[in-house]
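Novice: Let me give you the structure first, and then I'll get to my questions.
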Amino acid sequence: MAIDVILGLQWGDEGKGKIVDYLAEGYDIVARFQGGPNAGHTLKFDEKKFVLHTVPSGIFRPGLINLIGNGVVADPITLAAEIKKLEEAGVDVRSRLLLARKAHLILPTHRYLDAASERAKGKSKIGSTLKGIGPTYMDKTGRNGLRVGDITSSYFEERYRSLKEKHLSLLAIYPEIDFGLAEEEEKWMQSLDILRSLQLADGEYFINQALKEGKRILAEGAQGSMLDIDFGTYPFVTSSNTITAGVCTGLGVAPGKIGEVIGVSKAYCTRVGSGPFPTEQDNEVGERLRQEGGEFGATTGRPRRCGWIDLPQLKYTIMLNGVTQLAITKIDVLNGFDTIQAATAYETDGRLTEELPYDICDLDVRPAYETHRGWKQSLDGVSGYASMPAAAREYLEALEAHLQVPVTMVSTGPERNKLILKGAKAPAV
């Protein structure tokens with residue numbers, strides 16, 4: 001058996017959670033392979049809305065096992081609160097949620113450092129979610145982080161104090177900010193009891209044994225490919241590998257074990273925080289996309305920057321990830337537009353290119369657009385691809401022609417049942 005992968009192809013917020021929730025029915029295990037509580041995977045069904053930050057999006061499918069892999073960084077406070085909210089909603093969590101012992105822990109002082117560092121950057125800030133993600137990954141690569149497995153050891157308190165003192169000494173270089181450390185630390189220590197009550201696993205052995213037994217596994221990514229630490233718009237990126245390669249290091253599996261790669265993209269494009277965004281519409285069009293799409297961060301509530309779909313950018317992330325099929329989300333947001341634009345190339349230094357420049361953060365990059373006619377009608381009640389408006393089908397087929405990857409799923413709304421299957425190539429279920 002192979003591990004199928006689902007991940008975002010833009011700057012995050014593509015609607016991965018809904019697609020994972022839909023596909024999960026065809027799998028035995030859903031595994032998160034990177035990121036942390038900076039993720040906000042929104043799912044809506046039975047007239048209820050859920051936002052998951054650390055727990056995999058397969059948790060709502062009865063009988064399905066969910067693994068938080070070693071590539072994830074976990075904040076015990078956030079995770080404990082998330083589990084409590086799910087259990088209050090009647091979801092069976094603890095019998096079906098596994099937490100990898102090698103996953104790193106976010107300490108209160110990681111969040112303290114994150115906030116102080118971002119504040120000190122002023123206008124040069126990255127746009128951090130202030131969840132402590134960056135400082136935690138820094139401790140991971142610096143080889144002095146705390147891991148989930150440490151919470152059951154006799155040396156835990158000593159290692160915690162040592163790392164806390166290191167953080168406090170680093171904080172001395174920044175201007176003071178308001179952060180209730182004592183209160184946050186008390187909540188953090190109390191939340192460890194919830195973590196200790198979970199099933200802790202050696203994730204790499206668990207996943208590889210499951211593969212040997214023929215289990216069907218779906219790896220779930222967080223953030224988006226353009227935020228990858230190596231291949232994103234550096235330095236305006238996250239601190240982990242968000243692309244397919246991160247599945248191998250984030251779950252402990254060999255590259256040859258990767259199967260289908262399902263890339264998720266909005267029918268337009270958004271970005272949260274600072275950094276380059278070639279197709280951004282900082283105008284009435286962008287505001288209309290924001291309002292129609294409800295483009296406000298699921299984790300931070302921040303308004304998202306909005307613009308037209310960027311095909312050179314998508315070709316780039318399709319190449320990096322080895323995408324085999326596409327899921328296009330939020331196409332319904334475009335229902336009222338007379339015309340729709342799609343960037344097909346960039347103009348920079350007097351020439352056209354379809355490649356992302358190395359120094360995209362510093363260049364004046366101007367998109368060259370292709371215009372598509374709008375369909376000017378609601379997609380509510382459309383249950384099949386053939387019954388979609390002709391202009392909507394033309395737009396999707398133009399995307400396929402440019403990207404050379406089949407679109408197999410089209411989301412027409414946030415609800416679980418608003419998903420159209422398209423094409424001869426079936427989803428990997």
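Residue numbering restarts at 1 for every chain of the structure tokens, chains are lettered A, B, ... in their displayed order, and ligands are numbered from 1 as they appear.
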List every residue of stretch 401-420 of chain A that has an atom at most 10 Å from any atom of stretch 256-278 of chain A, giving for each one its closest atom pair and the distance in Å to one decimal, counting only C-alpha atoms, sorted by chain and then by ascending residue number, as a Markdown table.

Specialist:
| residue | atom | partner | partner_atom | distance |
| --- | --- | --- | --- | --- |
| A:Val405 | CA | A:Gly263 | CA | 9.7 |
| A:Val407 | CA | A:Gly263 | CA | 9.5 |
| A:Thr408 | CA | A:Ile262 | CA | 9.1 |
| A:Met409 | CA | A:Val264 | CA | 9.2 |
| A:Val410 | CA | A:Ala267 | CA | 9.3 |
| A:Ser411 | CA | A:Lys266 | CA | 9.1 |

Novice: Can I get the selected residues back with N, CA and C atoms, as a CSV table (one decimal), in the first residue's frame?

Specialist:
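Result written to result_1.csv:
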chain,number,residue,atom,x,y,z
A,405,VAL,N,-2.9,18.9,-15.2
A,405,VAL,CA,-3.3,17.9,-14.2
A,405,VAL,C,-4.9,17.9,-14.1
A,407,VAL,N,-8.6,18.0,-12.9
A,407,VAL,CA,-9.5,18.5,-11.8
A,407,VAL,C,-10.4,17.3,-11.5
A,408,THR,N,-10.4,16.8,-10.3
A,408,THR,CA,-11.3,15.6,-10.0
A,408,THR,C,-12.3,16.0,-9.0
A,409,MET,N,-12.2,17.2,-8.3
A,409,MET,CA,-13.2,17.6,-7.3
A,409,MET,C,-13.3,19.1,-7.4
A,410,VAL,N,-14.6,19.6,-7.3
A,410,VAL,CA,-14.9,21.0,-7.3
A,410,VAL,C,-15.8,21.3,-6.1
A,411,SER,N,-15.4,22.2,-5.2
A,411,SER,CA,-16.2,22.5,-4.1
A,411,SER,C,-17.0,23.8,-4.4

Novice: Could you name the residues that touch A:Ala74 at 8 Å or less, counting only C-alpha atoms, but leaving out those on the same chain fewer than 6 positions away, as a ChimeraX atom specification?

Specialist: /A:36-37,54,103-106

Novice: Export, as an mmCIF file, in the first residue's frame, the selected residues with N, CA and C atoms.

Specialist:
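Below you can see again_8.cif, which holds the result:
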data_model
loop_
_atom_site.group_PDB
_atom_site.id
_atom_site.type_symbol
_atom_site.label_atom_id
_atom_site.label_comp_id
_atom_site.auth_asym_id
_atom_site.auth_seq_id
_atom_site.Cartn_x
_atom_site.Cartn_y
_atom_site.Cartn_z
ATOM 1 N N GLY A 36 1.435 23.240 13.016
ATOM 2 C CA GLY A 36 0.962 23.235 14.392
ATOM 3 C C GLY A 36 -0.348 23.971 14.506
ATOM 4 N N PRO A 37 -0.605 24.599 15.641
ATOM 5 C CA PRO A 37 -1.890 25.281 15.830
ATOM 6 C C PRO A 37 -2.036 26.569 15.030
ATOM 7 N N THR A 54 -4.978 21.236 15.393
ATOM 8 C CA THR A 54 -3.941 20.208 15.513
ATOM 9 C C THR A 54 -4.483 18.827 15.196
ATOM 10 N N ALA A 103 6.899 14.193 18.304
ATOM 11 C CA ALA A 103 6.397 15.533 18.005
ATOM 12 C C ALA A 103 6.898 16.504 19.069
ATOM 13 N N HIS A 104 7.260 17.713 18.659
ATOM 14 C CA HIS A 104 7.800 18.695 19.595
ATOM 15 C C HIS A 104 6.693 19.518 20.244
ATOM 16 N N LEU A 105 6.969 19.965 21.477
ATOM 17 C CA LEU A 105 6.011 20.728 22.270
ATOM 18 C C LEU A 105 6.267 22.228 22.167
ATOM 19 N N ILE A 106 5.182 22.981 22.040
ATOM 20 C CA ILE A 106 5.253 24.444 22.095
ATOM 21 C C ILE A 106 5.080 24.872 23.544
#

Novice: Mind running stretch 145-230 of chain A against stretch 11-30 of chain A at 9 Å and telling me each contacting residue's nearest atom pair with the distance in Å (one decimal), counting only C-alpha atoms, chain and number ascending, as CSV?

Specialist:
residue,atom,partner,partner_atom,distance
A:Ile207,CA,A:Ile29,CA,8.9
A:Ala210,CA,A:Ile29,CA,8.7
A:Lys215,CA,A:Asp28,CA,6.0
A:Arg216,CA,A:Tyr27,CA,4.8
A:Ile217,CA,A:Ile29,CA,4.8
A:Leu218,CA,A:Val30,CA,4.8
A:Ala219,CA,A:Val30,CA,5.8
A:Glu220,CA,A:Val30,CA,6.8
A:Gly221,CA,A:Lys16,CA,8.1
A:Ala222,CA,A:Gly12,CA,7.4
A:Gln223,CA,A:Gly12,CA,4.3
A:Gly224,CA,A:Gly12,CA,3.9
A:Ser225,CA,A:Trp11,CA,6.5
A:Met226,CA,A:Trp11,CA,5.1
A:Leu227,CA,A:Trp11,CA,5.9

Novice: Using only C-alpha atoms, which protein or nucleic acid residues come within 10 Å of stretch 108-120 of chain A? Drop anything in the same chain fewer than 5 positions from it, and give the result as a count of residues only.

Specialist: 44

Novice: Of the residues A:Glu82, A:Asp193, A:Asp202, A:Asp338, which is the one nearest to A:Leu98, using only C-alpha atoms?

Specialist: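 Among the listed residues, A:Asp202 lies closest to A:Leu98.
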
Novice: Within 9 Å of A:Leu195, counting only C-alpha atoms, which residues qualify if same-chain residues fewer than 4 places away don't, as a PyMOL selection string?

Specialist: chain A and resi 76+79-80+99+148+151+191+199-200

Novice: What would the file look like if the residues just selected were written as a PDB file, in the first residue's frame with N, CA and C atoms?

Specialist:
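Result file is out_12.pdb:
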ATOM      1  N   PRO A  76       0.120  22.082  24.037  1.00  0.00           N
ATOM      2  CA  PRO A  76      -0.799  21.323  24.899  1.00  0.00           C
ATOM      3  C   PRO A  76      -2.074  22.085  25.243  1.00  0.00           C
ATOM      4  N   LEU A  79      -4.316  21.990  22.068  1.00  0.00           N
ATOM      5  CA  LEU A  79      -4.753  20.626  21.794  1.00  0.00           C
ATOM      6  C   LEU A  79      -5.777  20.161  22.825  1.00  0.00           C
ATOM      7  N   ALA A  80      -5.530  20.457  24.095  1.00  0.00           N
ATOM      8  CA  ALA A  80      -6.469  20.054  25.143  1.00  0.00           C
ATOM      9  C   ALA A  80      -7.824  20.726  24.952  1.00  0.00           C
ATOM     10  N   LEU A  99      -0.875  10.346  19.229  1.00  0.00           N
ATOM     11  CA  LEU A  99       0.072  11.464  19.240  1.00  0.00           C
ATOM     12  C   LEU A  99       1.483  10.913  19.228  1.00  0.00           C
ATOM     13  N   VAL A 148       6.963  15.291  22.918  1.00  0.00           N
ATOM     14  CA  VAL A 148       5.807  14.714  23.609  1.00  0.00           C
ATOM     15  C   VAL A 148       6.225  13.575  24.523  1.00  0.00           C
ATOM     16  N   ILE A 151       7.118  14.088  28.346  1.00  0.00           N
ATOM     17  CA  ILE A 151       6.185  14.417  29.430  1.00  0.00           C
ATOM     18  C   ILE A 151       5.937  13.243  30.369  1.00  0.00           C
ATOM     19  N   SER A 191      -2.724  21.330  31.204  1.00  0.00           N
ATOM     20  CA  SER A 191      -3.122  20.677  29.954  1.00  0.00           C
ATOM     21  C   SER A 191      -2.299  19.429  29.664  1.00  0.00           C
ATOM     22  N   GLN A 199      -3.303   8.351  23.584  1.00  0.00           N
ATOM     23  CA  GLN A 199      -2.471   7.236  23.150  1.00  0.00           C
ATOM     24  C   GLN A 199      -1.201   7.797  22.508  1.00  0.00           C
ATOM     25  N   LEU A 200      -0.086   7.668  23.201  1.00  0.00           N
ATOM     26  CA  LEU A 200       1.195   8.108  22.649  1.00  0.00           C
ATOM     27  C   LEU A 200       1.780   6.971  21.821  1.00  0.00           C
TER      28      LEU A 200
END

Novice: If you run DSSP on the backbone here, which positions in stretch 20-263 of chain A get helix (DSSP H, G or I)? Please write them as a VMD selection string.

Specialist: chain A and resid 20 to 26 57 to 60 76 to 88 108 to 124 133 to 141 148 to 152 156 to 171 181 to 197 203 to 212 225 to 227 245 to 251 255 to 257

Novice: Using only C-alpha atoms, find the one residue out of A:Leu64, A:Val247, A:Val91, A:Leu421 that sits nearest to A:Phe33.

Specialist: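 Using only C-alpha atoms, the shortest distance to A:Phe33 belongs to A:Val247.
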
Novice: Counting only C-alpha atoms, figure out which residue out of A:His372, A:Gly381, A:Gly203, A:Arg143 gets nearest to A:Arg393.

Specialist: A:His372

Novice: Extract the full set of strand (DSSP E or B) residues from stretch 235-386 of chain A according to DSSP on the backbone, and format it as a ChimeraX atom specification.

Specialist: /A:258-266,269-271,280,296,303,305-307,309-310,325-329,339-348,351-353,366-373

Novice: Dump N, CA and C atoms for the selected residues as a short mmCIF file (atom, residue, chain, number, x, y, z; two decimals), in the first residue's frame?

Specialist:
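Contents of result-v8.cif, freshly written:
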data_model
loop_
_atom_site.label_atom_id
_atom_site.label_comp_id
_atom_site.auth_asym_id
_atom_site.auth_seq_id
_atom_site.Cartn_x
_atom_site.Cartn_y
_atom_site.Cartn_z
N ILE A 258 4.88 7.00 -1.33
CA ILE A 258 3.90 8.03 -1.68
C ILE A 258 3.07 7.58 -2.88
N GLY A 259 1.75 7.72 -2.78
CA GLY A 259 0.85 7.33 -3.87
C GLY A 259 0.27 8.55 -4.56
N GLU A 260 -1.05 8.71 -4.49
CA GLU A 260 -1.71 9.87 -5.09
C GLU A 260 -1.36 11.14 -4.31
N VAL A 261 -1.19 12.25 -5.04
CA VAL A 261 -0.97 13.55 -4.40
C VAL A 261 -2.08 14.48 -4.88
N ILE A 262 -2.97 14.82 -3.96
CA ILE A 262 -4.14 15.63 -4.28
C ILE A 262 -3.85 17.07 -3.85
N GLY A 263 -3.70 17.95 -4.83
CA GLY A 263 -3.41 19.34 -4.54
C GLY A 263 -4.70 20.15 -4.49
N VAL A 264 -4.82 21.02 -3.49
CA VAL A 264 -6.02 21.83 -3.31
C VAL A 264 -5.70 23.29 -3.62
N SER A 265 -6.54 23.90 -4.45
CA SER A 265 -6.39 25.31 -4.81
C SER A 265 -7.75 25.98 -4.82
N LYS A 266 -7.81 27.21 -4.35
CA LYS A 266 -9.01 28.00 -4.55
C LYS A 266 -9.15 28.35 -6.02
N CYS A 269 -7.21 33.36 -5.40
CA CYS A 269 -6.03 33.21 -4.57
C CYS A 269 -6.10 34.14 -3.36
N THR A 270 -5.57 33.69 -2.22
CA THR A 270 -5.50 34.52 -1.02
C THR A 270 -4.16 34.33 -0.34
N ARG A 271 -3.86 35.29 0.52
CA ARG A 271 -2.66 35.19 1.35
C ARG A 271 -2.90 35.95 2.65
N GLU A 280 -2.42 39.90 -6.36
CA GLU A 280 -3.26 40.57 -5.36
C GLU A 280 -4.05 41.72 -5.98
N PHE A 296 -11.39 35.58 6.11
CA PHE A 296 -10.83 36.02 7.38
C PHE A 296 -10.25 34.78 8.05
N PRO A 303 -8.05 39.63 8.21
CA PRO A 303 -8.54 39.65 6.82
C PRO A 303 -7.45 39.15 5.88
N ARG A 305 -5.57 38.80 2.24
CA ARG A 305 -5.34 39.50 0.99
C ARG A 305 -5.91 38.63 -0.13
N CYS A 306 -6.57 39.23 -1.10
CA CYS A 306 -7.27 38.46 -2.13
C CYS A 306 -6.86 38.89 -3.54
N GLY A 307 -6.89 37.94 -4.46
CA GLY A 307 -6.56 38.24 -5.85
C GLY A 307 -6.97 37.11 -6.77
N ILE A 309 -6.49 33.94 -9.53
CA ILE A 309 -5.69 32.72 -9.52
C ILE A 309 -4.39 32.96 -10.28
N ASP A 310 -3.32 32.32 -9.82
CA ASP A 310 -1.97 32.53 -10.36
C ASP A 310 -1.46 31.20 -10.91
N GLN A 325 -3.72 14.94 -9.00
CA GLN A 325 -5.09 15.40 -9.22
C GLN A 325 -5.35 16.66 -8.42
N LEU A 326 -6.30 17.46 -8.91
CA LEU A 326 -6.58 18.76 -8.31
C LEU A 326 -7.99 18.82 -7.73
N ALA A 327 -8.10 19.50 -6.60
CA ALA A 327 -9.40 19.85 -6.03
C ALA A 327 -9.49 21.37 -6.05
N ILE A 328 -10.49 21.91 -6.74
CA ILE A 328 -10.69 23.36 -6.82
C ILE A 328 -11.82 23.74 -5.86
N THR A 329 -11.53 24.66 -4.96
CA THR A 329 -12.50 25.04 -3.94
C THR A 329 -13.00 26.47 -4.14
N THR A 339 -16.60 38.91 -15.47
CA THR A 339 -15.40 38.29 -16.05
C THR A 339 -14.47 37.86 -14.92
N ILE A 340 -13.63 36.88 -15.21
CA ILE A 340 -12.69 36.32 -14.23
C ILE A 340 -11.31 36.32 -14.87
N GLN A 341 -10.33 36.74 -14.11
CA GLN A 341 -8.97 36.79 -14.63
C GLN A 341 -8.14 35.61 -14.10
N ALA A 342 -7.20 35.18 -14.90
CA ALA A 342 -6.25 34.14 -14.50
C ALA A 342 -4.88 34.54 -15.01
N ALA A 343 -3.91 34.66 -14.11
CA ALA A 343 -2.55 35.02 -14.52
C ALA A 343 -1.89 33.84 -15.21
N THR A 344 -1.33 34.07 -16.39
CA THR A 344 -0.69 33.00 -17.16
C THR A 344 0.82 33.15 -17.25
N ALA A 345 1.34 34.32 -16.90
CA ALA A 345 2.78 34.58 -16.95
C ALA A 345 3.08 35.82 -16.12
N TYR A 346 4.38 36.07 -15.88
CA TYR A 346 4.82 37.28 -15.19
C TYR A 346 5.66 38.12 -16.14
N GLU A 347 5.49 39.43 -16.03
CA GLU A 347 6.39 40.34 -16.74
C GLU A 347 7.34 40.95 -15.72
N THR A 348 8.62 40.75 -15.95
CA THR A 348 9.63 41.30 -15.06
C THR A 348 10.88 41.61 -15.87
N ARG A 351 10.57 41.24 -19.71
CA ARG A 351 10.35 39.96 -20.39
C ARG A 351 9.27 39.17 -19.67
N LEU A 352 8.68 38.22 -20.42
CA LEU A 352 7.65 37.35 -19.85
C LEU A 352 8.27 36.03 -19.42
N THR A 353 7.81 35.53 -18.28
CA THR A 353 8.28 34.23 -17.79
C THR A 353 7.15 33.52 -17.09
N ARG A 366 4.78 41.75 -12.56
CA ARG A 366 3.45 42.11 -13.05
C ARG A 366 2.84 40.94 -13.80
N PRO A 367 1.68 40.46 -13.37
CA PRO A 367 1.06 39.31 -14.04
C PRO A 367 0.49 39.68 -15.40
N ALA A 368 0.57 38.73 -16.34
CA ALA A 368 -0.13 38.83 -17.62
C ALA A 368 -1.38 37.97 -17.50
N TYR A 369 -2.54 38.55 -17.75
CA TYR A 369 -3.80 37.87 -17.48
C TYR A 369 -4.50 37.35 -18.73
N GLU A 370 -5.25 36.28 -18.51
CA GLU A 370 -6.17 35.73 -19.51
C GLU A 370 -7.58 35.94 -18.94
N THR A 371 -8.50 36.39 -19.77
CA THR A 371 -9.85 36.71 -19.30
C THR A 371 -10.83 35.58 -19.63
N HIS A 372 -11.66 35.24 -18.65
CA HIS A 372 -12.70 34.22 -18.83
C HIS A 372 -14.05 34.84 -18.51
N ARG A 373 -15.07 34.39 -19.21
CA ARG A 373 -16.40 34.93 -18.95
C ARG A 373 -16.98 34.30 -17.68
#

Novice: State, in Å with one decimal place, the distance from atom CA of A:Phe206 to atom CA of A:Val253.

Specialist: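 These two atoms are separated by 10.5 Å.
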
Novice: Here is a test: counting only C-alpha atoms, which residue of A:Gly336, A:Gly350, A:Pro235, A:Gly145 is nearest to A:Arg159?

Specialist: A:Gly145

Novice: Quote the spacing between atom CA of A:Tyr205 and atom CA of A:Leu52 in Å to one decimal place.

Specialist: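 Between these atoms lies a distance of 25.5 Å.
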
Novice: For a test of reading the model, state the distance in Å between atom CA of A:Lys44 and atom CA of A:Arg416, rounded to one decimal.

Specialist: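 A separation of 6.1 Å between them.
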
Novice: Here is a test: counting only C-alpha atoms, which residue of A:Gln10, A:Asn321, A:Thr141, A:Gln190 is nearest to A:Trp308?

Specialist: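 Of A:Gln10, A:Asn321, A:Thr141, A:Gln190, the one nearest A:Trp308, counting only C-alpha atoms, is A:Gln10.
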
Novice: I'd like the neighbourhood of A:Leu251 as a list in words, where a residue qualifies if any of its atoms comes within 9 Å (using only C-alpha atoms), though same-chain residues fewer than 5 positions away should be ignored.

Specialist: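 So the residues in contact are Ala31, Arg32, Phe33, Gln34, Ile68, Gly69, Asn70, Gly71, Ala100, Gly203, Glu204, Ile207, Ala219 and Gly246 of chain A.
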
Novice: Between A:Gly294, A:Gly384, A:Gly322, A:Pro62, single out the one closest to A:Asp4, counting only C-alpha atoms.

Specialist: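 Selected residue with least distance to A:Asp4: A:Gly322.
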